[in-house]
$ cat entry30.cif   # mmCIF, C-alpha atoms
data_query
#
loop_
_atom_site.label_atom_id
_atom_site.label_comp_id
_atom_site.auth_asym_id
_atom_site.auth_seq_id
_atom_site.Cartn_x
_atom_site.Cartn_y
_atom_site.Cartn_z
CA MET A 950 -62.93 17.06 -103.45
CA ALA A 951 -65.66 18.30 -101.31
CA MET A 952 -66.28 16.73 -97.95
CA ALA A 953 -69.68 15.60 -96.97
CA SER A 954 -70.98 17.62 -94.20
CA SER A 955 -72.23 15.75 -91.20
CA THR A 956 -73.77 16.95 -88.04
CA ILE A 957 -71.21 17.00 -85.32
CA VAL A 958 -72.45 17.46 -81.79
CA PRO A 959 -69.98 19.33 -79.74
CA VAL A 960 -68.36 17.21 -77.01
CA LYS A 961 -69.17 19.81 -74.40
CA GLU A 962 -72.90 19.29 -74.78
CA ASP A 963 -72.50 15.50 -74.41
CA GLU A 964 -70.46 15.93 -71.24
CA GLU A 965 -73.02 18.35 -69.80
CA LYS A 966 -75.84 15.89 -70.53
CA GLU A 967 -73.90 13.07 -68.88
CA ASP A 968 -73.20 15.27 -65.84
CA GLU A 969 -76.87 16.19 -65.58
CA GLU A 970 -77.88 12.53 -65.86
CA LYS A 971 -75.39 11.56 -63.14
CA GLU A 972 -76.69 14.34 -60.90
CA ASP A 973 -80.26 13.18 -61.50
CA GLU A 974 -79.30 9.58 -60.70
CA GLU A 975 -77.49 10.69 -57.53
CA LYS A 976 -80.53 12.71 -56.45
CA GLU A 977 -82.79 9.72 -57.08
CA ASP A 978 -80.41 7.46 -55.11
CA GLU A 979 -80.33 9.94 -52.21
CA GLU A 980 -84.13 10.16 -52.23
CA LYS A 981 -84.39 6.36 -52.20
CA GLU A 982 -81.92 6.15 -49.32
CA ASP A 983 -83.87 8.80 -47.40
CA GLU A 984 -87.12 6.91 -47.99
CA GLU A 985 -85.49 3.64 -46.88
CA LYS A 986 -84.15 5.31 -43.73
CA GLU A 987 -87.58 6.74 -42.98
CA ASP A 988 -89.16 3.31 -43.52
CA GLU A 989 -86.57 1.68 -41.22
CA GLU A 990 -87.17 4.33 -38.55
CA LYS A 991 -90.92 3.75 -38.82
CA GLU A 992 -90.42 -0.01 -38.50
CA ASP A 993 -88.14 0.49 -35.48
CA GLU A 994 -90.71 2.77 -33.84
CA GLU A 995 -93.48 0.25 -34.53
CA LYS A 996 -91.37 -2.58 -33.09
CA GLU A 997 -90.56 -0.52 -30.00
CA GLU A 998 -94.22 0.37 -29.56
CA GLY A 999 -95.12 -3.30 -29.98
CA ASN A 1000 -92.53 -4.30 -27.38
CA ARG A 1001 -93.92 -1.72 -24.94
CA GLU A 1002 -97.42 -3.04 -25.57
CA ILE A 1003 -96.29 -6.63 -24.97
CA ALA A 1004 -94.57 -5.62 -21.74
CA ALA A 1005 -97.68 -3.76 -20.60
CA ARG A 1006 -99.85 -6.79 -21.38
CA ALA A 1007 -97.48 -9.09 -19.51
CA PHE A 1008 -97.54 -6.82 -16.48
CA SER A 1009 -101.34 -6.54 -16.63
CA ALA A 1010 -101.62 -10.32 -16.84
CA GLN A 1011 -99.82 -10.57 -13.52
CA LEU A 1012 -102.57 -8.56 -11.90
CA TYR A 1013 -105.35 -10.97 -12.78
CA LEU A 1014 -106.13 -14.30 -11.22
CA MET A 1015 -105.14 -17.35 -13.18
CA SER A 1016 -107.83 -19.95 -13.75
CA GLU A 1017 -108.87 -22.12 -10.81
CA GLU A 1018 -107.81 -25.29 -12.67
CA SER A 1019 -104.21 -24.10 -12.91
CA GLU A 1020 -101.64 -25.67 -10.60
CA GLN A 1021 -99.47 -22.56 -10.83
CA MET A 1022 -99.58 -19.67 -8.43
CA LYS A 1023 -102.43 -17.24 -8.87
CA TYR A 1024 -101.85 -13.55 -9.44
CA GLY A 1025 -104.07 -10.75 -8.34
CA MET A 1026 -104.28 -7.49 -6.54
CA LEU A 1027 -104.71 -8.03 -2.83
CA GLY A 1028 -106.80 -4.90 -2.40
CA GLU A 1029 -109.71 -6.26 -4.48
CA ASP A 1030 -110.53 -8.99 -1.95
CA ALA A 1031 -112.37 -8.37 1.34
CA ARG A 1032 -110.87 -11.39 3.14
CA PRO A 1033 -108.10 -11.02 5.75
CA THR A 1034 -104.62 -10.43 4.31
CA GLU A 1035 -103.31 -13.81 5.48
CA GLU A 1036 -106.09 -15.64 3.62
CA LYS A 1037 -105.54 -13.60 0.48
CA LEU A 1038 -101.80 -14.26 0.58
CA ALA A 1039 -102.33 -18.02 0.92
CA LYS A 1040 -103.90 -17.97 -2.56
CA TYR A 1041 -100.71 -16.54 -4.04
CA ARG A 1042 -98.32 -19.04 -2.53
CA GLY A 1043 -97.03 -22.17 -4.18
CA GLN A 1044 -94.12 -24.47 -4.84
CA VAL A 1045 -92.27 -23.62 -8.03
CA ASP A 1046 -88.97 -24.29 -9.75
CA TRP A 1047 -86.38 -21.76 -10.92
CA SER A 1048 -87.90 -21.44 -14.40
CA TYR A 1049 -90.97 -19.83 -12.80
CA LEU A 1050 -88.93 -17.42 -10.69
CA LYS A 1051 -86.39 -16.46 -13.35
CA PRO A 1052 -88.56 -13.82 -15.11
CA HIS A 1053 -89.15 -12.14 -11.73
CA PHE A 1054 -85.40 -12.17 -11.07
CA GLU A 1055 -84.81 -10.58 -14.47
CA THR A 1056 -87.19 -7.72 -13.67
CA GLY A 1057 -85.60 -7.17 -10.25
CA SER A 1058 -88.73 -8.07 -8.29
CA LEU A 1059 -87.54 -11.34 -6.69
CA TYR A 1060 -86.44 -11.48 -3.04
CA PHE A 1061 -85.18 -14.37 -0.92
CA VAL A 1062 -86.57 -14.75 2.60
CA ASP A 1063 -84.41 -16.20 5.38
CA PRO A 1064 -85.83 -19.43 6.86
CA ALA A 1065 -86.10 -17.65 10.24
CA LEU A 1066 -89.05 -15.72 8.74
CA THR A 1067 -92.18 -17.03 7.09
CA LEU A 1068 -93.25 -15.96 3.63
CA GLU A 1069 -96.60 -14.91 5.08
CA THR A 1070 -94.96 -12.60 7.64
CA VAL A 1071 -92.96 -10.89 4.92
CA GLY A 1072 -95.96 -10.81 2.58
CA VAL A 1073 -98.16 -9.15 5.19
CA ALA A 1074 -95.47 -6.54 5.89
CA ILE A 1075 -95.08 -5.76 2.18
CA SER A 1076 -98.81 -5.63 1.47
CA SER A 1077 -99.46 -3.39 4.50
CA ASP A 1078 -96.51 -1.14 3.60
CA ASP A 1079 -94.69 -1.88 6.88
CA LYS A 1080 -91.48 -0.12 5.83
CA GLU A 1081 -89.88 -0.44 9.26
CA SER A 1082 -90.02 -4.26 9.26
CA VAL A 1083 -88.99 -4.56 5.62
CA ASP A 1084 -86.05 -2.17 6.12
CA SER A 1085 -84.88 -4.04 9.21
CA TRP A 1086 -85.02 -7.39 7.34
CA LEU A 1087 -83.13 -5.91 4.40
CA LYS A 1088 -80.43 -4.49 6.68
CA ALA A 1089 -80.14 -7.74 8.66
CA GLY A 1090 -79.96 -9.87 5.52
CA ASP A 1091 -83.20 -11.68 6.34
CA LEU A 1092 -84.71 -10.35 3.12
CA VAL A 1093 -82.30 -10.29 0.18
CA LYS A 1094 -82.76 -9.19 -3.40
CA ILE A 1095 -81.70 -12.10 -5.60
CA GLU A 1096 -78.43 -11.38 -7.39
CA SER A 1097 -76.83 -13.06 -10.40
CA LEU A 1098 -74.64 -15.29 -8.18
CA HIS A 1099 -77.75 -16.90 -6.67
CA ALA A 1100 -79.46 -17.11 -10.04
CA SER A 1101 -76.52 -18.84 -11.70
CA GLN A 1102 -76.44 -21.50 -8.95
CA TRP A 1103 -80.16 -22.15 -9.22
CA GLU A 1104 -80.10 -22.09 -13.01
CA GLU A 1105 -77.98 -25.24 -13.05
CA GLY A 1106 -79.84 -27.11 -10.32
CA ASP A 1107 -83.29 -28.58 -9.89
CA GLN A 1108 -84.08 -26.76 -6.67
CA LEU A 1109 -87.71 -26.20 -5.70
CA PHE A 1110 -88.90 -23.04 -3.97
CA GLU A 1111 -91.84 -21.90 -1.93
CA ALA A 1112 -92.86 -18.58 -3.44
CA LEU A 1113 -95.38 -15.90 -2.60
CA VAL A 1114 -96.54 -13.16 -4.95
CA VAL A 1115 -97.19 -9.78 -3.37
CA SER A 1116 -97.53 -7.72 -6.52
CA PRO A 1117 -95.24 -6.37 -7.86
CA PHE A 1118 -92.82 -8.48 -5.78
CA VAL A 1119 -92.21 -12.20 -5.43
CA VAL A 1120 -90.63 -13.52 -2.23
CA CYS A 1121 -89.24 -17.03 -2.02
CA GLN A 1122 -87.53 -19.60 0.18
CA LEU A 1123 -85.99 -22.96 -0.57
CA ALA A 1124 -88.61 -25.69 -0.41
CA LEU A 1125 -88.04 -28.27 2.29
#

$ encode --input "entry30.cif" --output "structure tokens"
Amino acid sequence: MAMASSTIVPVKEDEEKEDEEKEDEEKEDEEKEDEEKEDEEKEDEEKEEGNREIAARAFSAQLYLMSEESEQMKYGMLGEDARPTEEKLAKYRGQVDWSYLKPHFETGSLYFVDPALTLETVGVAISSDDKESVDSWLKAGDLVKIESLHASQWEEGDQLFEALVVSPFVVCQLAL
């Protein structure tokens, strides 16, 4: 009896095709992963750039005067005004609570002034770049950079402060 002949594909060719298909799939997967990584890196860069832009805007906003109707302290650059320093500083002084001062603490620009000094005296020294006075107050403890111990105490209380903005610094005292 004669056997019917059928086409038999050698197993080797099937295995080679499967291997090639797997390699192609792996290459495609690697390419997709690379594209996804690139997209993630682009997104991260865009987010970082956006964060830098937001920070720059926030800083710039501090340099402009707030509206006259606002009860909050007004920001501005002292050098743009022709009035005496003491008058200019008076515009940037006000009574505030901790929530207003906290962002300045977080950026490291908040200083506490001993009650033996006035905010205006310290403000004039800072704005006129009187390093000798500022250094002596820092050494004597009459001018102190606010640390986390102070901040944690004020965070929990309802303490009011007198504060004065001398860009980029804010000096404060406890309100009486």

$ resolve_selection --input "entry30.cif" --expression "the PyMOL selection byres ((chain A and resi 1092) around 8)" --output "list in words"
Tyr1060, Phe1061, Val1062, Asp1063, Val1083, Trp1086, Leu1087, Ala1089, Gly1090, Asp1091, Val1093 and Lys1094 of chain A

$ resolve_selection --input "entry30.cif" --expression "the PyMOL selection byres ((chain A and resi 1047) around 12)" --output "PyMOL selection string"
chain A and resi 1044-1046+1048-1055+1059+1095+1099-1112+1121-1124

$ write_last_selection --input "entry30.cif" --atoms "C-alpha atoms" --output "short mmCIF file (atom, residue, chain, number, x, y, z; two decimals), in the frame of the given file"
data_model
loop_
_atom_site.label_atom_id
_atom_site.label_comp_id
_atom_site.auth_asym_id
_atom_site.auth_seq_id
_atom_site.Cartn_x
_atom_site.Cartn_y
_atom_site.Cartn_z
CA GLN A 1044 -94.12 -24.47 -4.84
CA VAL A 1045 -92.27 -23.62 -8.03
CA ASP A 1046 -88.97 -24.29 -9.75
CA SER A 1048 -87.90 -21.44 -14.40
CA TYR A 1049 -90.97 -19.83 -12.80
CA LEU A 1050 -88.93 -17.42 -10.69
CA LYS A 1051 -86.39 -16.46 -13.35
CA PRO A 1052 -88.56 -13.82 -15.11
CA HIS A 1053 -89.15 -12.14 -11.73
CA PHE A 1054 -85.40 -12.17 -11.07
CA GLU A 1055 -84.81 -10.58 -14.47
CA LEU A 1059 -87.54 -11.34 -6.69
CA ILE A 1095 -81.70 -12.10 -5.60
CA HIS A 1099 -77.75 -16.90 -6.67
CA ALA A 1100 -79.46 -17.11 -10.04
CA SER A 1101 -76.52 -18.84 -11.70
CA GLN A 1102 -76.44 -21.50 -8.95
CA TRP A 1103 -80.16 -22.15 -9.22
CA GLU A 1104 -80.10 -22.09 -13.01
CA GLU A 1105 -77.98 -25.24 -13.05
CA GLY A 1106 -79.84 -27.11 -10.32
CA ASP A 1107 -83.29 -28.58 -9.89
CA GLN A 1108 -84.08 -26.76 -6.67
CA LEU A 1109 -87.71 -26.20 -5.70
CA PHE A 1110 -88.90 -23.04 -3.97
CA GLU A 1111 -91.84 -21.90 -1.93
CA ALA A 1112 -92.86 -18.58 -3.44
CA CYS A 1121 -89.24 -17.03 -2.02
CA GLN A 1122 -87.53 -19.60 0.18
CA LEU A 1123 -85.99 -22.96 -0.57
CA ALA A 1124 -88.61 -25.69 -0.41
#

$ atom_distance --input "entry30.cif" --atom1 "CA of Ser1058 (chain A)" --atom2 "CA of Phe1118 (chain A)"
4.8 Å

$ axis_aligned_box --input "entry30.cif" --around "region 969-982 of chain A" --padding-each-side "8 Å" --output "AutoDock Vina command-line options"
--center_x -79.9 --center_y 11.2 --center_z -57.6 --size_x 25.0 --size_y 26.0 --size_z 32.5

$ atom_distance --input "entry30.cif" --atom1 "CA of Lys1088 (chain A)" --atom2 "CA of Val1120 (chain A)"
16.3 Å

$ atom_distance --input "entry30.cif" --atom1 "CA of Glu990 (chain A)" --atom2 "CA of Glu975 (chain A)"
22.2 Å

$ closest_residue --input "entry30.cif" --among "A:Asp968, A:Glu1035, A:Asp973, A:Arg1042" --to "Thr1070 (chain A)" --atoms "all atoms listed in the file"
A:Glu1035

$ resolve_selection --input "entry30.cif" --expression "the PyMOL selection byres ((chain A and resi 1034) around 12)" --output "PyMOL selection string"
chain A and resi 1026-1033+1035-1041+1069-1077+1115

$ build_atoms --input "entry30.cif" --residues "region 1090-1105 of chain A" --atoms "N, CA, C and O atoms" --output "short mmCIF file (atom, residue, chain, number, x, y, z; two decimals), keeping the file's coordinate frame"
data_model
loop_
_atom_site.label_atom_id
_atom_site.label_comp_id
_atom_site.auth_asym_id
_atom_site.auth_seq_id
_atom_site.Cartn_x
_atom_site.Cartn_y
_atom_site.Cartn_z
N GLY A 1090 -80.21 -8.79 6.47
CA GLY A 1090 -79.96 -9.87 5.52
C GLY A 1090 -81.02 -10.97 5.57
O GLY A 1090 -80.83 -12.04 5.00
N ASP A 1091 -82.11 -10.71 6.27
CA ASP A 1091 -83.20 -11.68 6.34
C ASP A 1091 -84.09 -11.63 5.09
O ASP A 1091 -84.84 -12.56 4.82
N LEU A 1092 -84.01 -10.55 4.38
CA LEU A 1092 -84.71 -10.35 3.12
C LEU A 1092 -83.66 -9.83 2.14
O LEU A 1092 -83.09 -8.77 2.36
N VAL A 1093 -83.40 -10.61 1.09
CA VAL A 1093 -82.30 -10.29 0.18
C VAL A 1093 -82.80 -10.28 -1.26
O VAL A 1093 -83.47 -11.23 -1.69
N LYS A 1094 -82.45 -9.22 -1.97
CA LYS A 1094 -82.76 -9.19 -3.40
C LYS A 1094 -81.86 -10.20 -4.10
O LYS A 1094 -80.65 -10.22 -3.89
N ILE A 1095 -82.46 -11.05 -4.92
CA ILE A 1095 -81.70 -12.10 -5.60
C ILE A 1095 -80.73 -11.46 -6.60
O ILE A 1095 -81.12 -10.62 -7.40
N GLU A 1096 -79.48 -11.88 -6.50
CA GLU A 1096 -78.43 -11.38 -7.39
C GLU A 1096 -78.03 -12.47 -8.38
O GLU A 1096 -78.43 -13.63 -8.25
N SER A 1097 -77.20 -12.12 -9.34
CA SER A 1097 -76.83 -13.06 -10.40
C SER A 1097 -76.08 -14.29 -9.86
O SER A 1097 -76.18 -15.37 -10.43
N LEU A 1098 -75.34 -14.14 -8.76
CA LEU A 1098 -74.64 -15.29 -8.18
C LEU A 1098 -75.64 -16.36 -7.76
O LEU A 1098 -75.47 -17.55 -8.07
N HIS A 1099 -76.71 -15.95 -7.07
CA HIS A 1099 -77.75 -16.90 -6.67
C HIS A 1099 -78.39 -17.52 -7.91
O HIS A 1099 -78.57 -18.72 -7.99
N ALA A 1100 -78.75 -16.66 -8.84
CA ALA A 1100 -79.46 -17.11 -10.04
C ALA A 1100 -78.64 -18.14 -10.81
O ALA A 1100 -79.18 -19.15 -11.27
N SER A 1101 -77.34 -17.90 -10.94
CA SER A 1101 -76.52 -18.84 -11.70
C SER A 1101 -76.45 -20.20 -11.01
O SER A 1101 -76.42 -21.24 -11.66
N GLN A 1102 -76.44 -20.23 -9.68
CA GLN A 1102 -76.44 -21.50 -8.95
C GLN A 1102 -77.76 -22.24 -9.15
O GLN A 1102 -77.78 -23.45 -9.36
N TRP A 1103 -78.85 -21.51 -9.09
CA TRP A 1103 -80.16 -22.15 -9.22
C TRP A 1103 -80.48 -22.51 -10.66
O TRP A 1103 -81.28 -23.41 -10.91
N GLU A 1104 -79.88 -21.81 -11.58
CA GLU A 1104 -80.10 -22.09 -13.01
C GLU A 1104 -79.65 -23.51 -13.34
O GLU A 1104 -80.28 -24.20 -14.13
N GLU A 1105 -78.57 -23.94 -12.73
CA GLU A 1105 -77.98 -25.24 -13.05
C GLU A 1105 -78.59 -26.38 -12.24
O GLU A 1105 -78.41 -27.53 -12.58
#
